[in-house]
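S.K.: Contents of upload23.pdb (PDB, C-alpha atoms and all ligand atoms):
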MODEL        1
ATOM      1  CA  MET A   1     -51.378  23.649-130.593
ATOM      2  CA  ASP A   2     -52.903  26.823-132.069
ATOM      3  CA  ILE A   3     -54.472  29.461-129.828
ATOM      4  CA  LEU A   4     -57.748  31.031-130.894
ATOM      5  CA  TYR A   5     -58.224  34.424-129.220
ATOM      6  CA  ALA A   6     -61.767  35.382-130.126
ATOM      7  CA  PRO A   7     -63.552  38.306-128.434
ATOM      8  CA  TRP A   8     -60.761  40.625-127.433
ATOM      9  CA  ARG A   9     -58.387  40.477-130.358
ATOM     10  CA  SER A  10     -57.850  44.231-130.635
ATOM     11  CA  SER A  11     -56.697  44.599-127.028
ATOM     12  CA  TYR A  12     -54.525  41.541-127.407
ATOM     13  CA  LEU A  13     -52.852  43.059-130.447
ATOM     14  CA  LYS A  14     -52.054  46.132-128.339
ATOM     15  CA  PHE A  15     -49.456  43.965-126.577
ATOM     16  CA  GLY A  16     -47.844  42.793-129.762
ATOM     17  CA  GLY A  17     -50.017  39.859-130.743
ATOM     18  CA  LYS A  18     -47.037  37.531-131.021
ATOM     19  CA  LYS A  19     -45.189  35.237-128.719
ATOM     20  CA  PRO A  20     -42.212  37.090-127.262
ATOM     21  CA  LYS A  21     -39.039  35.976-128.936
ATOM     22  CA  ASP A  22     -35.655  36.532-127.387
ATOM     23  CA  THR A  23     -33.910  37.004-130.707
ATOM     24  CA  SER A  24     -32.347  40.342-129.816
ATOM     25  CA  GLY A  25     -30.722  39.022-126.658
ATOM     26  CA  ILE A  26     -33.005  41.210-124.566
ATOM     27  CA  CYS A  27     -34.925  39.215-121.970
ATOM     28  CA  PRO A  28     -38.688  39.875-122.247
ATOM     29  CA  PHE A  29     -39.013  39.612-118.445
ATOM     30  CA  CYS A  30     -35.984  41.689-117.419
ATOM     31  CA  SER A  31     -36.739  44.379-119.970
ATOM     32  CA  LYS A  32     -40.245  44.848-118.544
ATOM     33  CA  LEU A  33     -39.308  44.599-114.886
ATOM     34  CA  GLU A  34     -36.420  47.054-115.202
ATOM     35  CA  LEU A  35     -38.866  49.749-116.328
ATOM     36  CA  GLY A  36     -40.158  49.947-112.762
ATOM     37  CA  VAL A  37     -43.527  49.820-111.036
ATOM     38  CA  ALA A  38     -44.998  52.629-113.124
ATOM     39  CA  TYR A  39     -45.212  50.155-116.018
ATOM     40  CA  ASP A  40     -46.418  47.165-114.018
ATOM     41  CA  GLU A  41     -50.071  47.431-115.044
ATOM     42  CA  GLN A  42     -49.134  47.784-118.707
ATOM     43  CA  HIS A  43     -47.057  44.606-118.412
ATOM     44  CA  LEU A  44     -49.673  42.758-116.344
ATOM     45  CA  VAL A  45     -47.492  42.593-113.236
ATOM     46  CA  LEU A  46     -49.777  41.657-110.342
ATOM     47  CA  ARG A  47     -47.357  41.863-107.425
ATOM     48  CA  ARG A  48     -43.702  42.478-106.713
ATOM     49  CA  PHE A  49     -42.100  40.643-103.812
ATOM     50  CA  GLU A  50     -38.553  41.014-102.480
ATOM     51  CA  HIS A  51     -36.973  38.434-104.813
ATOM     52  CA  CYS A  52     -39.652  37.654-107.364
ATOM     53  CA  VAL A  53     -42.645  39.010-109.195
ATOM     54  CA  VAL A  54     -46.021  37.617-110.305
ATOM     55  CA  MET A  55     -47.171  38.478-113.809
ATOM     56  CA  LEU A  56     -50.123  37.329-115.895
ATOM     57  CA  ASN A  57     -49.017  35.150-118.791
ATOM     58  CA  LEU A  58     -49.551  37.061-122.026
ATOM     59  CA  HIS A  59     -50.256  33.727-123.742
ATOM     60  CA  PRO A  60     -52.544  32.042-121.215
ATOM     61  CA  TYR A  61     -54.002  28.562-121.286
ATOM     62  CA  ASN A  62     -56.716  29.635-118.847
ATOM     63  CA  ALA A  63     -57.877  32.797-117.080
ATOM     64  CA  GLY A  64     -55.547  33.402-114.141
ATOM     65  CA  HIS A  65     -52.505  31.774-115.774
ATOM     66  CA  VAL A  66     -49.658  33.529-113.942
ATOM     67  CA  LEU A  67     -45.885  33.388-114.019
ATOM     68  CA  VAL A  68     -43.788  33.602-110.856
ATOM     69  CA  ILE A  69     -40.474  35.087-112.000
ATOM     70  CA  PRO A  70     -37.329  35.717-109.932
ATOM     71  CA  TYR A  71     -35.615  39.045-110.591
ATOM     72  CA  GLN A  72     -32.401  37.072-111.031
ATOM     73  CA  HIS A  73     -31.906  36.168-114.708
ATOM     74  CA  VAL A  74     -30.895  32.484-114.649
ATOM     75  CA  PRO A  75     -32.230  29.538-116.674
ATOM     76  CA  GLU A  76     -32.470  26.952-113.893
ATOM     77  CA  LEU A  77     -34.231  26.687-110.552
ATOM     78  CA  HIS A  78     -31.129  25.247-108.881
ATOM     79  CA  GLN A  79     -29.077  28.321-109.859
ATOM     80  CA  LEU A  80     -31.113  30.511-107.528
ATOM     81  CA  SER A  81     -29.967  31.041-103.960
ATOM     82  CA  CYS A  82     -31.882  29.241-101.234
ATOM     83  CA  GLU A  83     -33.383  32.552-100.144
ATOM     84  CA  VAL A  84     -34.697  33.417-103.617
ATOM     85  CA  ARG A  85     -35.868  29.868-104.338
ATOM     86  CA  GLY A  86     -37.559  29.775-100.952
ATOM     87  CA  GLU A  87     -39.539  32.925-101.651
ATOM     88  CA  LEU A  88     -40.420  31.660-105.132
ATOM     89  CA  MET A  89     -41.889  28.490-103.636
ATOM     90  CA  GLU A  90     -43.696  30.347-100.840
ATOM     91  CA  VAL A  91     -45.304  32.679-103.376
ATOM     92  CA  ALA A  92     -46.245  29.762-105.646
ATOM     93  CA  SER A  93     -47.709  27.893-102.693
ATOM     94  CA  ALA A  94     -49.747  30.916-101.570
ATOM     95  CA  ILE A  95     -51.105  31.347-105.109
ATOM     96  CA  THR A  96     -52.289  27.742-105.282
ATOM     97  CA  LYS A  97     -54.176  28.177-101.994
ATOM     98  CA  MET A  98     -55.659  31.499-103.120
ATOM     99  CA  TYR A  99     -56.717  30.077-106.499
ATOM    100  CA  GLN A 100     -58.470  27.131-104.892
ATOM    101  CA  GLU A 101     -60.541  29.569-102.828
ATOM    102  CA  LEU A 102     -60.956  32.332-105.418
ATOM    103  CA  PHE A 103     -61.780  30.256-108.485
ATOM    104  CA  ALA A 104     -63.138  27.161-106.718
ATOM    105  CA  CYS A 105     -61.189  25.358-109.439
ATOM    106  CA  ASP A 106     -61.182  21.597-109.872
ATOM    107  CA  GLY A 107     -57.406  21.514-110.115
ATOM    108  CA  LEU A 108     -54.220  23.434-110.791
ATOM    109  CA  ASN A 109     -51.161  23.075-112.975
ATOM    110  CA  MET A 110     -47.823  24.316-111.702
ATOM    111  CA  GLY A 111     -44.438  23.839-113.296
ATOM    112  CA  TYR A 112     -41.424  25.233-115.061
ATOM    113  CA  ASN A 113     -39.747  24.441-118.363
ATOM    114  CA  SER A 114     -36.044  23.680-118.399
ATOM    115  CA  GLY A 115     -33.986  23.524-121.572
ATOM    116  CA  LYS A 116     -34.742  23.812-125.282
ATOM    117  CA  ALA A 117     -36.660  20.529-125.489
ATOM    118  CA  SER A 118     -39.113  21.542-122.765
ATOM    119  CA  GLY A 119     -41.090  23.874-125.003
ATOM    120  CA  GLY A 120     -40.615  26.982-122.860
ATOM    121  CA  SER A 121     -40.715  30.303-124.719
ATOM    122  CA  VAL A 122     -38.213  32.079-122.424
ATOM    123  CA  PRO A 123     -35.688  29.373-121.466
ATOM    124  CA  ALA A 124     -32.992  31.874-120.434
ATOM    125  CA  HIS A 125     -34.988  33.213-117.474
ATOM    126  CA  MET A 126     -36.592  30.517-115.367
ATOM    127  CA  HIS A 127     -40.170  31.047-114.224
ATOM    128  CA  ILE A 128     -42.976  28.999-112.736
ATOM    129  CA  HIS A 129     -46.334  28.676-114.466
ATOM    130  CA  ILE A 130     -49.467  28.362-112.315
ATOM    131  CA  LEU A 131     -52.952  28.044-113.760
ATOM    132  CA  PRO A 132     -56.333  26.960-112.474
ATOM    133  CA  ARG A 133     -57.990  23.993-114.182
ATOM    134  CA  PHE A 134     -61.640  23.076-114.465
ATOM    135  CA  ILE A 135     -63.237  19.804-115.390
ATOM    136  CA  GLY A 136     -64.093  20.039-119.081
ATOM    137  CA  ASP A 137     -61.784  22.980-119.816
ATOM    138  CA  THR A 138     -60.209  20.929-122.589
ATOM    139  CA  GLY A 139     -62.986  20.877-125.146
ATOM    140  CA  PHE A 140     -63.476  19.428-128.582
ATOM    141  CA  LEU A 141     -61.406  22.145-130.311
ATOM    142  CA  ALA A 142     -58.354  21.209-128.283
ATOM    143  CA  ALA A 143     -58.968  17.503-128.717
ATOM    144  CA  LEU A 144     -59.854  17.470-132.410
ATOM    145  CA  ALA A 145     -58.409  20.631-133.947
ATOM    146  CA  ASP A 146     -55.335  21.156-131.742
ATOM    147  CA  THR A 147     -56.725  24.625-130.973
ATOM    148  CA  LYS A 148     -57.620  26.051-127.582
ATOM    149  CA  PRO A 149     -60.192  28.853-127.559
ATOM    150  CA  ILE A 150     -59.499  31.653-125.070
ATOM    151  CA  SER A 151     -62.735  33.481-124.335
ATOM    152  CA  PHE A 152     -61.719  35.982-121.672
ATOM    153  CA  ASP A 153     -60.242  39.469-121.685
ATOM    154  CA  ILE A 154     -56.777  39.341-120.129
ATOM    155  CA  ASN A 155     -57.000  42.982-118.975
ATOM    156  CA  ALA A 156     -60.288  42.285-117.193
ATOM    157  CA  VAL A 157     -58.653  39.287-115.503
ATOM    158  CA  TYR A 158     -55.782  41.562-114.434
ATOM    159  CA  GLN A 159     -58.211  44.026-112.840
ATOM    160  CA  GLN A 160     -60.040  41.201-111.049
ATOM    161  CA  LEU A 161     -56.830  39.693-109.670
ATOM    162  CA  LYS A 162     -55.069  42.909-108.601
ATOM    163  CA  SER A 163     -56.753  43.140-105.219
ATOM    164  CA  PRO A 164     -56.426  39.445-104.241
ATOM    165  CA  PHE A 165     -52.740  39.525-105.166
ATOM    166  CA  ALA A 166     -52.189  42.779-103.272
ATOM    167  CA  SER A 167     -53.402  41.070-100.098
ATOM    168  CA  LEU A 168     -51.653  37.731-100.732
ATOM    169  CA  GLU A 169     -49.669  36.810 -97.629
ATOM    170  CA  ILE A 170     -46.620  34.605 -97.773
TER     171      ILE A 170
HETATM  172 ZN    ZN B   1     -34.337  37.954-117.678
ENDMDL
END
Is it possible to express this structure as C-alpha cells?
Ligand SMILES: [Zn+2]

M.R.:
Amino acid sequence: MDILYAPWRSSYLKFGGKKPKDTSGICPFCSKLELGVAYDEQHLVLRRFEHCVVMLNLHPYNAGHVLVIPYQHVPELHQLSCEVRGELMEVASAITKMYQELFACDGLNMGYNSGKASGGSVPAHMHIHILPRFIGDTGFLAALADTKPISFDINAVYQQLKSPFASLEI
C-alpha cells in the first residue's frame, strides 16, 4: 500500500521522509531514546514510563497512531520480563481507554509484528501499535488504488496529545 501525505509534506520531510531502515545495525528506537528527554519532542515521544515509552508513529495509518516501546531491545514480547511486559500491557490498556474517550472513535487496532513475514519495519525491537479507527476511514483510494491519504499534521497531533498522555494514569 502506498501512503499519500498531502498537506504537510515539508514538515514530514524534516524527519527524513523515508521509512526508517535498520541497515546500519543501529536501532531507530534505541538511537532516539538514548538521546534523552531533551530530544523527546523532536522524536515525537509522548511519555516515558519506567520500562517503556509511547511515541507517535512516524508513518501513521491514522491520527493518534502510537507505538508502545519497551526500553529493552528484544524482538519478541515473550523475551521481556513479567514486570516490563506487565507495564507495557497496562500502558496499552490505558491508551485504549483514553482514545475511546478522547477521539470517540468507532474502534481501535492494537497489535505487534513478529518476524520477517509479519511486515514490521523494526522487527529487532518489539513494539505495540495502537491506533483509533473510524467507520469509513478506509476510503476509495485505499480500496481501489492501494493508497491511503493522510490528511493531518503529525506535529499538530503531537501537540494535541501531549497533555492527555502526560496525565495518563496506569
Ligand atoms: Zn532498539

S.K.: Give the answer as one residue: which of A:Lys116, A:Lys32, A:Arg133, A:His51 has the shortest atom-to-atom distance to ligand ZN 1 (chain B), using all atoms listed in the file?

M.R.: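 Going through A:Lys116, A:Lys32, A:Arg133, A:His51 one by one, the smallest distance to ligand ZN 1 (chain B) is for A:Lys32.
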
S.K.: Rank A:Leu46, A:Ile130, A:Ile95, A:Val84 by their smallest atom-to-atom distance to A:Tyr71, using only C-alpha atoms, and report the top residue only.

M.R.: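 Looking only at the distances to A:Tyr71, the closest residue turns out to be A:Val84.
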
S.K.: Return as an MDAnalysis selection string the set of residues that the PyMOL selection byres (((chain A and resi 125) around 8) and not hetatm) yields on the displayed structure.

M.R.: chainID A and resid 27 29 69 72:76 122:124 126:127

S.K.: Exactly which residues make up the result of the PyMOL selection byres (((chain A and resi 34-41) around 12) and not hetatm) on this file, given as a ChimeraX atom specification?

M.R.: /A:26-33,42-49,53-56,71-73,154-159,161-162

S.K.: List the neighbours of A:Pro132 out to 8 Å using all atoms listed in the file; skip same-chain residues closer than 2 positions along the sequence, and give me the result as a list of chain:residue names.

M.R.: A:Asn62, A:Ala63, A:Gly64, A:His65, A:Tyr99, A:Gln100, A:Phe103, A:Cys105, A:Asp106, A:Gly107, A:Leu108, A:Asn109, A:Ile130, A:Phe134

S.K.: One decimal, Å: what's the distance from atom CA of A:Ser121 over to atom CA of A:Glu90, could you say?

M.R.: 24.1 Å

S.K.: As an exercise, work out the distance from atom CA of A:Ile170 to atom CA of A:Val91 in Å and give it to one decimal place.

M.R.: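 Result for atom CA of A:Ile170 versus atom CA of A:Val91: 6.1 Å, one decimal.
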
S.K.: Could you state the separation of atom CA of A:Gly120 and atom CA of A:Ala104 in Å, given to one decimal place?

M.R.: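 Pair atom CA of A:Gly120 / atom CA of A:Ala104 returns 27.7 Å.
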
S.K.: Which of these residues is nearest to ligand ZN 1 (chain B), using all atoms listed in the file: A:Ser118, A:Cys52, A:Leu58, A:Glu83?

M.R.: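 Ranked by minimum distance to ligand ZN 1 (chain B), first place goes to A:Cys52.
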
S.K.: Residue by residue, what does the PyMOL selection byres (((chain A and resi 111) around 10) and not hetatm) grab here? Present the result as a PyMOL selection string.

M.R.: chain A and resi 67+92+109-110+112-114+127-131

S.K.: Pick from A:Glu50, A:Gln160, A:Pro70, A:Leu168: nearest to A:Arg85, with all atoms listed in the file counted?

M.R.: A:Pro70
